[in-house]
file entry34.txt (compact mmCIF, C-alpha atoms)
# COMPACT_ATOMS: atom_id res chain seq x y z
CA MET L 1307 -47.23 24.27 47.32
CA THR L 1308 -44.00 22.43 46.48
CA THR L 1309 -40.53 23.59 47.48
CA VAL L 1310 -39.68 24.22 43.82
CA GLN L 1311 -42.73 26.48 43.43
CA GLN L 1312 -41.81 28.39 46.58
CA GLU L 1313 -38.26 28.90 45.34
CA ARG L 1314 -39.53 30.09 41.95
CA ARG L 1315 -41.92 32.59 43.54
CA SER L 1316 -39.20 33.82 45.90
CA THR L 1317 -36.83 34.28 42.98
CA THR L 1318 -39.55 36.07 41.02
CA ALA L 1319 -40.18 38.45 43.95
CA VAL L 1320 -36.47 39.28 44.23
CA ARG L 1321 -36.25 39.86 40.49
CA GLY L 1322 -39.34 42.08 40.69
CA VAL L 1323 -37.77 44.29 43.36
CA ARG L 1324 -34.50 44.45 41.41
CA GLU L 1325 -36.34 45.33 38.20
CA ALA L 1326 -38.37 48.04 39.99
CA VAL L 1327 -35.20 49.67 41.29
CA ARG L 1328 -33.62 49.46 37.84
CA GLN L 1329 -36.63 51.08 36.18
CA ALA L 1330 -37.04 53.79 38.80
CA PRO L 1331 -36.47 57.29 37.39
CA ARG L 1332 -32.92 58.19 38.41
CA ARG L 1333 -33.62 61.84 39.13
CA GLN L 1334 -36.50 61.14 41.51
CA LEU L 1335 -34.54 58.36 43.22
CA ARG L 1336 -31.48 60.57 43.75
CA THR L 1337 -33.65 63.38 45.11
CA ALA L 1338 -35.39 60.97 47.46
CA LEU L 1339 -32.03 59.64 48.68
CA LEU L 1340 -30.69 63.13 49.40
CA ILE L 1341 -33.86 64.18 51.24
CA SER L 1342 -33.91 60.98 53.29
CA LEU L 1343 -30.22 61.17 54.20
CA GLY L 1344 -30.68 64.77 55.34
CA SER L 1345 -33.72 63.79 57.39
CA LEU L 1346 -31.95 60.84 59.01
CA LEU L 1347 -28.94 62.99 59.82
CA ALA L 1348 -31.21 65.51 61.56
CA TYR L 1349 -32.92 62.63 63.35
CA ALA L 1350 -29.56 61.30 64.57
CA VAL L 1351 -28.68 64.72 65.99
CA VAL L 1352 -32.03 65.05 67.77
CA ARG L 1353 -31.77 61.50 69.07
CA HIS L 1354 -28.30 62.21 70.45
CA PHE L 1355 -29.41 65.27 72.41
CA ILE L 1356 -32.70 63.94 73.79
CA GLY L 1357 -31.24 60.56 74.70
CA THR L 1358 -32.62 57.19 73.71
CA SER L 1359 -33.07 54.62 76.44
CA MET L 1360 -34.57 51.88 74.21
CA VAL L 1361 -36.16 50.67 77.41
CA ASP L 1362 -38.49 48.17 75.75
CA MET L 1363 -35.56 46.54 73.99
CA ILE L 1364 -33.94 46.02 77.40
CA VAL L 1365 -37.15 44.36 78.63
CA TYR L 1366 -37.21 42.08 75.57
CA ARG L 1367 -33.59 41.12 76.18
CA ALA L 1368 -34.36 40.34 79.83
CA GLU L 1369 -37.29 38.16 78.72
CA GLY L 1370 -35.01 36.25 76.38
CA ALA L 1371 -32.47 35.83 79.18
CA ALA L 1372 -35.17 34.49 81.51
CA VAL L 1373 -36.16 31.89 78.91
CA ALA L 1374 -32.55 30.89 78.27
CA SER L 1375 -31.70 30.59 81.96
CA GLY L 1376 -34.95 28.98 83.06
CA HIS L 1377 -35.92 31.81 85.43
CA ASP L 1378 -39.49 32.91 86.15
CA LEU L 1379 -40.42 34.98 83.09
CA TYR L 1380 -43.20 37.03 84.68
CA ALA L 1381 -41.37 37.70 87.94
CA LEU L 1382 -38.63 39.78 86.32
CA ARG L 1383 -38.40 43.55 86.80
CA VAL L 1384 -35.88 45.57 84.83
CA THR L 1385 -34.82 49.19 84.30
CA ARG L 1386 -35.35 51.94 86.84
CA TRP L 1387 -39.09 51.77 86.12
CA ASN L 1388 -39.27 48.11 87.26
CA LEU L 1389 -40.93 47.04 84.04
CA PRO L 1390 -42.30 43.47 83.84
CA ALA L 1391 -42.80 41.06 80.94
CA THR L 1392 -46.24 41.52 79.36
CA TYR L 1393 -46.13 39.50 76.12
CA PRO L 1394 -47.04 35.80 75.68
CA PRO L 1395 -44.29 33.20 76.26
CA PHE L 1396 -43.94 32.65 72.51
CA ALA L 1397 -42.67 36.23 72.10
CA ALA L 1398 -40.16 35.78 74.92
CA MET L 1399 -38.79 32.71 73.12
CA LEU L 1400 -38.20 34.81 70.00
CA PHE L 1401 -36.24 37.33 72.10
CA VAL L 1402 -33.58 34.77 73.12
CA PRO L 1403 -31.16 35.75 70.29
CA THR L 1404 -30.96 39.30 71.70
CA THR L 1405 -29.04 37.85 74.68
CA TRP L 1406 -26.16 36.92 72.39
CA PHE L 1407 -25.16 40.57 71.91
CA PRO L 1408 -24.28 43.45 74.25
CA VAL L 1409 -26.77 46.30 74.71
CA PRO L 1410 -24.68 48.97 72.89
CA PHE L 1411 -24.57 46.78 69.79
CA LEU L 1412 -28.30 46.06 70.03
CA ARG L 1413 -29.12 49.77 70.16
CA ILE L 1414 -27.53 50.28 66.75
CA ALA L 1415 -28.64 47.00 65.20
CA ILE L 1416 -32.29 47.30 66.24
CA THR L 1417 -32.46 50.94 65.14
CA LEU L 1418 -31.15 50.01 61.68
CA ALA L 1419 -33.48 47.02 61.52
CA ASN L 1420 -36.45 49.22 62.42
CA LEU L 1421 -35.52 51.69 59.68
CA ALA L 1422 -35.41 48.82 57.20
CA LEU L 1423 -38.79 47.61 58.49
CA LEU L 1424 -40.16 51.14 58.06
CA GLY L 1425 -39.16 50.97 54.40
CA LEU L 1426 -40.77 47.54 54.10
CA THR L 1427 -43.94 48.90 55.71
CA ALA L 1428 -43.99 51.61 53.05
CA LEU L 1429 -43.54 49.06 50.25
CA LEU L 1430 -46.33 46.83 51.58
CA SER L 1431 -48.56 49.89 52.02
CA PHE L 1432 -47.95 50.88 48.39
CA ARG L 1433 -48.93 47.37 47.30
CA LEU L 1434 -52.05 47.47 49.45
CA VAL L 1435 -53.17 50.84 48.11
CA GLY L 1436 -51.99 50.28 44.53
CA TRP L 1437 -50.23 53.64 44.46
CA PRO L 1438 -47.91 55.12 43.21
CA ARG L 1439 -46.85 53.53 39.92
CA LYS L 1440 -44.39 50.67 40.36
CA GLU L 1441 -41.45 52.57 38.89
CA LEU L 1442 -41.94 55.33 41.48
CA ARG L 1443 -42.19 53.03 44.49
CA PRO L 1444 -38.43 52.69 45.17
CA ALA L 1445 -38.22 56.47 45.59
CA GLY L 1446 -41.35 56.36 47.75
CA VAL L 1447 -39.87 53.68 50.00
CA VAL L 1448 -36.69 55.73 50.43
CA LEU L 1449 -38.70 58.86 51.27
CA VAL L 1450 -40.90 57.12 53.83
CA ALA L 1451 -37.87 55.46 55.47
CA GLY L 1452 -36.18 58.85 55.76
CA LEU L 1453 -39.06 61.18 56.56
CA GLY L 1454 -41.24 58.69 58.45
CA VAL L 1455 -39.01 58.93 61.53
CA TRP L 1456 -40.73 62.24 62.35
CA LEU L 1457 -44.13 60.59 62.71
CA GLU L 1458 -44.50 60.37 66.48
CA PRO L 1459 -45.53 56.67 66.56
CA VAL L 1460 -42.45 55.77 64.48
CA PHE L 1461 -40.20 58.14 66.44
CA THR L 1462 -41.31 56.57 69.72
CA THR L 1463 -40.99 53.04 68.33
CA LEU L 1464 -37.37 53.78 67.46
CA ARG L 1465 -36.74 55.50 70.77
CA TYR L 1466 -38.05 52.58 72.84
CA GLY L 1467 -36.76 49.79 70.59
CA GLN L 1468 -40.29 48.44 70.10
CA ILE L 1469 -41.45 45.55 67.88
CA ASN L 1470 -44.42 47.37 66.31
CA LEU L 1471 -42.86 47.54 62.84
CA ILE L 1472 -42.27 43.78 62.82
CA LEU L 1473 -45.92 43.18 63.65
CA ILE L 1474 -47.29 45.58 61.02
CA CYS L 1475 -45.05 44.04 58.36
CA LEU L 1476 -46.30 40.54 59.23
CA VAL L 1477 -49.92 41.68 59.03
CA LEU L 1478 -49.53 43.74 55.85
CA TRP L 1479 -47.55 40.99 54.12
CA ASP L 1480 -50.35 38.58 54.97
CA LEU L 1481 -53.17 40.88 53.89
CA THR L 1482 -51.50 41.78 50.57
CA THR L 1483 -51.13 38.07 49.75
CA PRO L 1484 -53.72 36.84 47.21
CA ASP L 1485 -56.74 35.17 48.78
CA SER L 1486 -56.03 32.07 46.70
CA ARG L 1487 -52.86 31.29 48.67
CA LYS L 1488 -53.48 28.41 51.06
CA TRP L 1489 -51.16 29.83 53.70
CA LYS L 1490 -52.76 33.28 53.78
CA GLY L 1491 -53.32 34.10 57.47
CA ILE L 1492 -50.09 32.69 58.82
CA GLY L 1493 -48.52 36.14 59.27
CA ILE L 1494 -51.49 37.37 61.32
CA GLY L 1495 -51.31 34.22 63.44
CA ILE L 1496 -47.61 34.71 64.20
CA ALA L 1497 -48.15 38.40 65.01
CA ALA L 1498 -51.03 37.50 67.34
CA GLY L 1499 -48.80 34.92 69.02
CA MET L 1500 -46.28 37.66 69.75
CA LYS L 1501 -48.80 40.30 70.81
CA LEU L 1502 -52.48 39.44 70.98
CA THR L 1503 -54.04 42.51 69.33
CA PRO L 1504 -53.15 41.58 65.68
CA GLY L 1505 -55.64 38.74 66.09
CA PHE L 1506 -58.32 41.36 65.39
CA PHE L 1507 -57.46 41.04 61.69
CA ALA L 1508 -58.48 37.37 61.78
CA VAL L 1509 -61.96 38.61 62.75
CA TYR L 1510 -61.85 41.00 59.79
CA LEU L 1511 -60.91 38.15 57.44
CA LEU L 1512 -63.73 36.00 58.83
CA LEU L 1513 -66.37 38.72 58.44
CA THR L 1514 -65.26 39.48 54.89
CA GLY L 1515 -65.81 35.86 53.89
CA ARG L 1516 -62.20 34.69 53.77
CA ILE L 1517 -62.87 31.84 56.15
CA ARG L 1518 -59.88 29.69 55.20
CA ALA L 1519 -57.45 32.56 55.83
CA ALA L 1520 -59.12 33.29 59.18
CA LEU L 1521 -58.83 29.62 60.16
CA VAL L 1522 -55.17 29.56 59.11
CA ALA L 1523 -54.56 32.63 61.29
CA GLY L 1524 -56.34 30.99 64.22
CA GLY L 1525 -54.50 27.70 63.71
CA THR L 1526 -51.14 29.45 63.55
CA PHE L 1527 -51.92 31.33 66.74
CA LEU L 1528 -52.81 28.05 68.47
CA ALA L 1529 -49.51 26.62 67.23
CA THR L 1530 -47.63 29.49 68.92
CA PHE L 1531 -49.58 28.79 72.10
CA ALA L 1532 -48.74 25.09 71.93
CA LEU L 1533 -45.06 25.84 71.36
CA GLY L 1534 -45.02 28.17 74.34
CA ALA L 1535 -46.79 25.59 76.50
CA LEU L 1536 -44.33 22.91 75.43
CA VAL L 1537 -41.19 24.94 76.15
CA LEU L 1538 -42.47 27.12 79.02
CA PRO L 1539 -45.44 25.32 80.62
CA ASP L 1540 -45.38 27.25 83.92
CA ALA L 1541 -45.07 30.64 82.20
CA THR L 1542 -47.84 29.74 79.75
CA TRP L 1543 -50.18 28.72 82.57
CA GLY L 1544 -49.38 31.89 84.52
CA PHE L 1545 -49.84 34.19 81.53
CA TRP L 1546 -53.21 32.81 80.39
CA THR L 1547 -54.71 32.35 83.84
CA LYS L 1548 -53.35 35.39 85.71
CA TYR L 1549 -50.95 37.89 84.18
CA LEU L 1550 -52.98 38.57 81.02
CA TYR L 1551 -55.78 40.05 83.14
CA ASP L 1552 -53.56 42.15 85.43
CA SER L 1553 -53.75 45.58 83.77
CA SER L 1554 -51.41 47.09 86.36
CA ARG L 1555 -48.52 45.23 84.72
CA VAL L 1556 -49.07 47.09 81.45
CA GLY L 1557 -49.49 50.64 82.74
CA LYS L 1558 -52.01 53.21 83.90
CA THR L 1559 -55.06 53.76 81.75
CA GLU L 1560 -55.33 57.52 82.26
CA ILE L 1561 -51.82 58.64 81.23
CA VAL L 1562 -51.44 60.44 77.91
CA ASP L 1563 -49.22 57.66 76.60
CA ASN L 1564 -52.44 55.66 76.26
CA GLN L 1565 -54.10 56.71 73.02
CA SER L 1566 -57.06 54.37 73.16
CA LEU L 1567 -60.72 55.26 73.53
CA ARG L 1568 -60.57 54.06 77.13
CA GLY L 1569 -57.66 56.39 77.86
CA VAL L 1570 -59.53 59.37 76.41
CA LEU L 1571 -62.60 58.60 78.52
CA ALA L 1572 -60.50 58.14 81.67
CA ARG L 1573 -59.01 61.61 81.22
CA PHE L 1574 -62.32 63.16 80.15
CA LEU L 1575 -64.27 61.69 83.08
CA HIS L 1576 -61.38 62.24 85.52
CA LEU L 1577 -61.52 58.56 86.51
CA ALA L 1578 -58.57 56.18 86.66
CA ASN L 1579 -60.99 53.38 85.76
CA PRO L 1580 -63.83 54.54 83.47
CA GLY L 1581 -65.45 51.12 83.88
CA GLY L 1582 -68.71 50.34 82.11
CA THR L 1583 -68.82 53.64 80.22
CA ALA L 1584 -65.58 52.79 78.40
CA THR L 1585 -66.70 49.21 77.79
CA VAL L 1586 -69.96 50.29 76.16
CA ALA L 1587 -68.17 52.95 74.07
CA ALA L 1588 -65.56 50.42 72.93
CA ALA L 1589 -68.28 47.91 71.99
CA LEU L 1590 -70.15 50.51 69.92
CA VAL L 1591 -66.96 51.62 68.15
CA ALA L 1592 -66.01 47.98 67.50
CA LEU L 1593 -69.37 47.29 65.87
CA ALA L 1594 -69.32 50.50 63.83
CA GLY L 1595 -65.69 50.14 62.76
CA LEU L 1596 -66.07 46.52 61.68
CA ALA L 1597 -69.33 47.32 59.90
CA ILE L 1598 -67.65 50.09 57.90
CA ALA L 1599 -64.63 47.89 57.12
CA VAL L 1600 -66.72 44.94 55.97
CA ALA L 1601 -69.20 47.07 54.01
CA THR L 1602 -66.33 48.79 52.21
CA TYR L 1603 -64.73 45.46 51.30
CA ARG L 1604 -68.02 44.10 49.97
CA SER L 1605 -68.44 47.23 47.83
CA ALA L 1606 -65.12 46.73 46.02
CA ARG L 1607 -66.83 46.77 42.61
CA TRP L 1608 -67.89 50.39 43.10
CA VAL L 1609 -65.47 51.68 45.74
CA PRO L 1610 -61.85 52.24 44.67
CA ARG L 1611 -59.18 50.85 47.03
CA ALA L 1612 -61.87 49.05 49.00
CA GLU L 1613 -59.48 46.51 50.54
CA ALA L 1614 -57.06 49.23 51.66
CA TRP L 1615 -59.88 51.24 53.25
CA GLY L 1616 -61.27 48.14 54.91
CA ILE L 1617 -57.92 47.12 56.39
CA CYS L 1618 -57.15 50.63 57.65
CA CYS L 1619 -60.61 50.84 59.22
CA ALA L 1620 -60.01 47.50 60.95
CA ALA L 1621 -56.59 48.67 62.20
CA VAL L 1622 -57.96 51.95 63.54
CA THR L 1623 -60.85 50.11 65.21
CA ALA L 1624 -58.46 47.69 66.93
CA LEU L 1625 -56.36 50.58 68.24
CA LEU L 1626 -59.43 52.44 69.50
CA ILE L 1627 -61.03 49.55 71.38
CA SER L 1628 -57.87 48.12 72.94
CA PRO L 1629 -57.78 48.97 76.67
CA ILE L 1630 -54.30 50.40 76.21
CA SER L 1631 -52.86 51.61 72.90
CA TRP L 1632 -49.56 53.34 73.51
CA THR L 1633 -48.61 56.08 71.08
CA HIS L 1634 -46.08 53.81 69.35
CA HIS L 1635 -48.83 51.28 68.59
CA TRP L 1636 -50.19 53.78 66.07
CA VAL L 1637 -47.52 52.94 63.46
CA TRP L 1638 -50.55 52.07 61.34
CA CYS L 1639 -50.42 55.78 60.51
CA VAL L 1640 -47.99 54.81 57.70
CA PRO L 1641 -50.46 52.83 55.51
CA LEU L 1642 -53.23 55.22 56.54
CA LEU L 1643 -51.25 58.20 55.24
CA VAL L 1644 -50.28 56.33 52.06
CA LEU L 1645 -53.99 55.68 51.46
CA LEU L 1646 -54.92 59.33 51.99
CA ALA L 1647 -52.01 60.42 49.77
CA ALA L 1648 -53.35 58.20 46.99
CA GLU L 1649 -56.79 59.76 47.30
CA ALA L 1650 -55.23 63.23 47.24
CA ALA L 1651 -53.19 62.34 44.14
CA ASP L 1652 -56.32 61.15 42.32
CA GLU L 1653 -58.10 64.33 43.32
CA ARG L 1654 -55.27 66.48 42.00
CA ALA L 1655 -55.28 64.60 38.68
CA ARG L 1656 -58.87 65.57 37.94
CA PRO L 1657 -59.71 68.33 35.44
CA PRO L 1658 -59.58 71.82 36.99
CA ALA L 1659 -63.32 72.32 36.52
CA VAL L 1660 -64.16 69.48 38.96
CA ARG L 1661 -61.01 69.50 41.07
CA ARG L 1662 -61.41 70.02 44.82
CA ARG L 1663 -59.07 70.10 47.79
CA ARG L 1664 -60.90 67.83 50.20
CA TRP L 1665 -58.51 64.87 50.21
CA ARG L 1666 -55.43 67.06 50.22
CA THR L 1667 -56.77 68.88 53.25
CA VAL L 1668 -57.55 65.61 55.03
CA PHE L 1669 -54.09 64.24 54.21
CA TRP L 1670 -52.13 67.23 55.50
CA LEU L 1671 -54.24 67.56 58.64
CA THR L 1672 -53.57 63.88 59.38
CA VAL L 1673 -49.84 64.34 58.78
CA LEU L 1674 -49.88 67.31 61.13
CA GLY L 1675 -51.68 65.28 63.79
CA PHE L 1676 -49.19 62.40 63.71
CA CYS L 1677 -46.19 64.73 63.62
CA SER L 1678 -47.44 67.10 66.32
CA PHE L 1679 -46.26 65.16 69.42
CA SER L 1680 -49.23 66.98 70.99
CA MET L 1681 -49.81 64.51 73.83
CA TRP L 1682 -46.28 65.16 75.10
CA LEU L 1683 -46.75 68.94 75.01
CA VAL L 1684 -49.66 68.84 77.45
CA PRO L 1685 -48.68 68.97 81.16
CA HIS L 1686 -49.34 65.40 82.19
CA LYS L 1687 -47.10 64.38 85.06
CA GLY L 1688 -48.60 62.72 88.10
CA ILE L 1689 -52.20 63.39 89.04
CA THR L 1690 -52.60 66.05 86.32
CA ASN L 1691 -53.58 63.28 83.89
CA LEU L 1692 -56.93 63.25 85.68
CA GLN L 1693 -57.19 67.02 86.01
CA MET L 1694 -57.09 68.13 82.39
CA ASN L 1695 -59.60 70.74 81.30
CA LEU L 1696 -61.47 70.54 78.00
CA PHE L 1697 -58.88 72.71 76.28
CA LYS L 1698 -56.20 70.06 76.92
CA GLN L 1699 -58.34 67.04 76.03
CA LEU L 1700 -57.95 67.32 72.26
CA PRO L 1701 -54.13 67.38 72.11
CA ALA L 1702 -53.89 64.82 74.93
CA GLY L 1703 -55.98 62.32 72.92
CA MET L 1704 -54.94 63.27 69.40
CA TYR L 1705 -54.82 59.77 67.88
CA PRO L 1706 -58.25 58.56 69.02
CA TRP L 1707 -59.77 61.74 67.59
CA ILE L 1708 -57.95 61.10 64.30
CA GLY L 1709 -59.11 57.50 64.35
CA LEU L 1710 -62.75 58.40 64.93
CA CYS L 1711 -62.60 61.04 62.18
CA PHE L 1712 -61.04 58.49 59.81
CA LEU L 1713 -63.88 56.04 60.42
CA ALA L 1714 -66.40 58.83 59.83
CA VAL L 1715 -64.69 59.84 56.58
CA ALA L 1716 -64.64 56.21 55.45
CA ALA L 1717 -68.37 55.89 56.16
CA VAL L 1718 -69.20 59.09 54.26
CA ARG L 1719 -67.03 58.00 51.33
CA LEU L 1720 -68.72 54.59 51.20
CA ARG L 1721 -72.15 56.20 51.37
CA SER L 1722 -71.46 58.61 48.54
CA ARG L 1723 -69.93 55.89 46.31
CA ARG L 1724 -72.85 53.54 46.77
CA ARG L 1725 -75.38 56.31 46.17
CA ALA L 1726 -73.56 57.28 42.99
CA ALA L 1727 -73.83 53.65 41.84
CA GLY L 1728 -77.54 53.55 42.66
CA LEU L 1729 -77.05 50.95 45.40
CA PRO L 1730 -78.52 50.61 48.89
CA LEU L 1731 -76.35 52.03 51.65
CA VAL L 1732 -75.95 48.62 53.31
CA PRO L 1733 -74.41 45.90 51.08
CA ARG L 1734 -76.69 42.93 50.52
CA GLN L 1735 -76.18 39.74 48.55
CA ARG L 1736 -73.86 40.06 45.59
CA GLY L 1737 -76.50 38.96 43.12
CA ARG L 1738 -78.94 41.64 44.21
CA GLU L 1739 -76.25 44.32 44.09
CA LEU L 1740 -75.32 43.38 40.55
CA THR L 1741 -78.99 43.58 39.51
CA GLY L 1742 -79.27 47.01 41.07
CA ALA L 1743 -76.10 48.17 39.33
CA GLY L 1744 -77.49 46.93 36.01
CA ARG L 1745 -80.63 48.97 36.50
call {"tool": "encode", "arguments": {"input": "entry34.txt", "output": "structure tokens"}}
result
Amino acid sequence: MTTVQQERRSTTAVRGVREAVRQAPRRQLRTALLISLGSLLAYAVVRHFIGTSMVDMIVYRAEGAAVASGHDLYALRVTRWNLPATYPPFAAMLFVPTTWFPVPFLRIAITLANLALLGLTALLSFRLVGWPRKELRPAGVVLVAGLGVWLEPVFTTLRYGQINLILICLVLWDLTTPDSRKWKGIGIGIAAGMKLTPGFFAVYLLLTGRIRAALVAGGTFLATFALGALVLPDATWGFWTKYLYDSSRVGKTEIVDNQSLRGVLARFLHLANPGGTATVAAALVALAGLAIAVATYRSARWVPRAEAWGICCAAVTALLISPISWTHHWVWCVPLLVLLAAEAADERARPPAVRRRRWRTVFWLTVLGFCSFSMWLVPHKGITNLQMNLFKQLPAGMYPWIGLCFLAVAAVRLRSRRRAAGLPLVPRQRGRELTGAGR
């Protein structure tokens, strides 16, 4: 792609956003602005009274300072919790600019940047799902940016000064890019270079037949590794040979902050290290989740929003099987809720004689789950993480339960759609499926 073509496409994208805002219904946009401003004002009051340490931001700044000063990146310990660096050297290099500003300024700047990224996440989610209509999307972006702060993963991301919203925007931007683009995959590669888990989406691209995009993602990731090795050879060697495998640097598996399948099993089995049981469970969920995601994508001719369902299934699977998925990692709740809202809107638009409330029920229960802060309401200090009774297990592991239910709902939806089309439950070759559909 030439520079002129890139400039033309960039200009076209800017004009498209400007035109969408201009065509947005004024009444809905004004209402959305008022609701969002009221929500953000309430959020600012709550944030003031509960205090916001933005502890992860301080760690990022210390990593950037270590890179700039030539100190040992993985030997640093900051804050009263003695937190270490846990990301690859490439991420630490990107944090260097944070050292140019004082912490009080960074608290404000990063909060505002994260709110902007929340709006961008909403916009990319709307594009992925294909809902709502384009003229309504500016109001939707404003609403999500204002009301989304009460989703616990977003709330915690803002409170800690995390980079989750940057990563999700990189991945969503990449996945909403047409498959014909030669550079599709570069966003996933950069995100994986910053924090390894987004690399799971390269596997999703590979299994869905988009081999070039998967290779671009892998090549970009290798480029971030090479850049880190070139600038920080000692840190790169230490990270990939030692620190990556030291789980004690990241945190304890059993605490309620960890909303992965392994964390749920640790609390359920009352074991700090659930060992082989968690490994087998994660492997089974990985296979099932990827199978559902890939089968949904391959059934796009008969399954509405197949790509959106496939991507959300892949995201949920990655969060479930990761050894540690902190609550703020679940910012993927934003596109997931947009997807469920689209299904609920379609359901509501049906004639009254065939209208049901299934998707609306699923949507509001999911909203309730992500806004409940339930894991923080369960007594969980100290050894009590390993002493929870069955009554406390559900709220303590709310997100994994939601994730497993989402995969189950996706599987049931796929099954019913393929049966309605007269197709086998497992997608086969495209030619055979088309013949079956013709019959």
call {"tool": "residues_near_point", "arguments": {"input": "entry34.txt", "point": "(-40.4, 36.7, 82.3)", "cutoff": "12 Å", "atoms": "all atoms listed in the file", "output": "number ranges by chain"}}
result
L: 1365-1384, 1389-1399, 1401-1402, 1538, 1540-1542, 1544-1545, 1549
call {"tool": "axis_aligned_box", "arguments": {"input": "entry34.txt", "around": "range 1516-1519 of chain L", "padding_each_side": "8 Å", "output": "AutoDock Vina command-line options"}}
result
--center_x -60.2 --center_y 32.2 --center_z 55.0 --size_x 21.4 --size_y 21.0 --size_z 18.4
call {"tool": "closest_residue", "arguments": {"input": "entry34.txt", "among": "L:Val1640, L:Leu1335, L:Leu1453, L:Gln1565", "to": "Ile1474 in chain L", "atoms": "all atoms listed in the file"}}
result
L:Val1640
call {"tool": "residues_around", "arguments": {"input": "entry34.txt", "residues": "Leu1692 in chain L", "least_positions_apart": "3", "cutoff": "12 Å", "atoms": "only C-alpha atoms", "output": "compact mmCIF listing (two decimals) with C-alpha atoms, in the coordinates of the input"}}
result
# COMPACT_ATOMS: atom_id res chain seq x y z
CA LYS L 1558 -52.01 53.21 83.90
CA THR L 1559 -55.06 53.76 81.75
CA GLU L 1560 -55.33 57.52 82.26
CA ILE L 1561 -51.82 58.64 81.23
CA VAL L 1562 -51.44 60.44 77.91
CA GLY L 1569 -57.66 56.39 77.86
CA VAL L 1570 -59.53 59.37 76.41
CA LEU L 1571 -62.60 58.60 78.52
CA ALA L 1572 -60.50 58.14 81.67
CA ARG L 1573 -59.01 61.61 81.22
CA PHE L 1574 -62.32 63.16 80.15
CA LEU L 1575 -64.27 61.69 83.08
CA HIS L 1576 -61.38 62.24 85.52
CA LEU L 1577 -61.52 58.56 86.51
CA ALA L 1578 -58.57 56.18 86.66
CA ASN L 1579 -60.99 53.38 85.76
CA PRO L 1580 -63.83 54.54 83.47
CA PRO L 1685 -48.68 68.97 81.16
CA HIS L 1686 -49.34 65.40 82.19
CA LYS L 1687 -47.10 64.38 85.06
CA GLY L 1688 -48.60 62.72 88.10
CA ILE L 1689 -52.20 63.39 89.04
CA ASN L 1695 -59.60 70.74 81.30
CA LEU L 1696 -61.47 70.54 78.00
CA LYS L 1698 -56.20 70.06 76.92
CA GLN L 1699 -58.34 67.04 76.03
CA ALA L 1702 -53.89 64.82 74.93
call {"tool": "closest_atom_pairs", "arguments": {"input": "entry34.txt", "of": "range 1690-1717 of chain L", "to": "range 1582-1595 of chain L", "cutoff": "12 Å", "atoms": "only C-alpha atoms", "output": "CSV"}}
result
residue,atom,partner,partner_atom,distance
L:Pro1706,CA,L:Val1591,CA,11.2
L:Gly1709,CA,L:Gly1595,CA,10.0
L:Leu1710,CA,L:Val1591,CA,8.6
L:Cys1711,CA,L:Gly1595,CA,11.3
L:Phe1712,CA,L:Gly1595,CA,10.0
L:Leu1713,CA,L:Gly1595,CA,6.6
L:Ala1714,CA,L:Gly1595,CA,9.2
L:Val1715,CA,L:Gly1595,CA,11.5
L:Ala1716,CA,L:Gly1595,CA,9.6
L:Ala1717,CA,L:Gly1595,CA,9.2
call {"tool": "residues_around", "arguments": {"input": "entry34.txt", "residues": "range 1444-1451 of chain L", "least_positions_apart": "3", "cutoff": "8 Å", "atoms": "only C-alpha atoms", "output": "JSON list (two decimals) with C-alpha atoms, in the coordinates of the input"}}
result
[["chain", "number", "residue", "atom", "x", "y", "z"],
["L", 1326, "ALA", "CA", -38.37, 48.04, 39.99],
["L", 1327, "VAL", "CA", -35.20, 49.67, 41.29],
["L", 1330, "ALA", "CA", -37.04, 53.79, 38.80],
["L", 1334, "GLN", "CA", -36.50, 61.14, 41.51],
["L", 1335, "LEU", "CA", -34.54, 58.36, 43.22],
["L", 1338, "ALA", "CA", -35.39, 60.97, 47.46],
["L", 1339, "LEU", "CA", -32.03, 59.64, 48.68],
["L", 1341, "ILE", "CA", -33.86, 64.18, 51.24],
["L", 1342, "SER", "CA", -33.91, 60.98, 53.29],
["L", 1421, "LEU", "CA", -35.52, 51.69, 59.68],
["L", 1422, "ALA", "CA", -35.41, 48.82, 57.20],
["L", 1424, "LEU", "CA", -40.16, 51.14, 58.06],
["L", 1425, "GLY", "CA", -39.16, 50.97, 54.40],
["L", 1426, "LEU", "CA", -40.77, 47.54, 54.10],
["L", 1428, "ALA", "CA", -43.99, 51.61, 53.05],
["L", 1429, "LEU", "CA", -43.54, 49.06, 50.25],
["L", 1440, "LYS", "CA", -44.39, 50.67, 40.36],
["L", 1441, "GLU", "CA", -41.45, 52.57, 38.89],
["L", 1454, "GLY", "CA", -41.24, 58.69, 58.45],
["L", 1455, "VAL", "CA", -39.01, 58.93, 61.53]]
call {"tool": "residues_around", "arguments": {"input": "entry34.txt", "residues": "Gly1491 in chain L", "least_positions_apart": "3", "cutoff": "12 Å", "atoms": "only C-alpha atoms", "output": "PyMOL selection string"}}
result
chain L and resi 1476-1488+1494-1498+1504-1512+1516-1527
call {"tool": "residues_around", "arguments": {"input": "entry34.txt", "residues": "range 1461-1463 of chain L", "least_positions_apart": "5", "cutoff": "10 Å", "atoms": "only C-alpha atoms", "output": "ChimeraX atom specification"}}
result
/L:1349,1353,1358,1360,1362,1417,1420,1454-1456,1468-1471,1632-1637,1677,1679
call {"tool": "closest_residue", "arguments": {"input": "entry34.txt", "among": "L:Val1352, L:Ala1532, L:Ala1419, L:Ile1598", "to": "Val1718 in chain L", "atoms": "all atoms listed in the file"}}
result
L:Ile1598
call {"tool": "atom_distance", "arguments": {"input": "entry34.txt", "atom1": "CA of Leu1434 in chain L", "atom2": "CA of Ala1620 in chain L"}}
result
14.0 Å
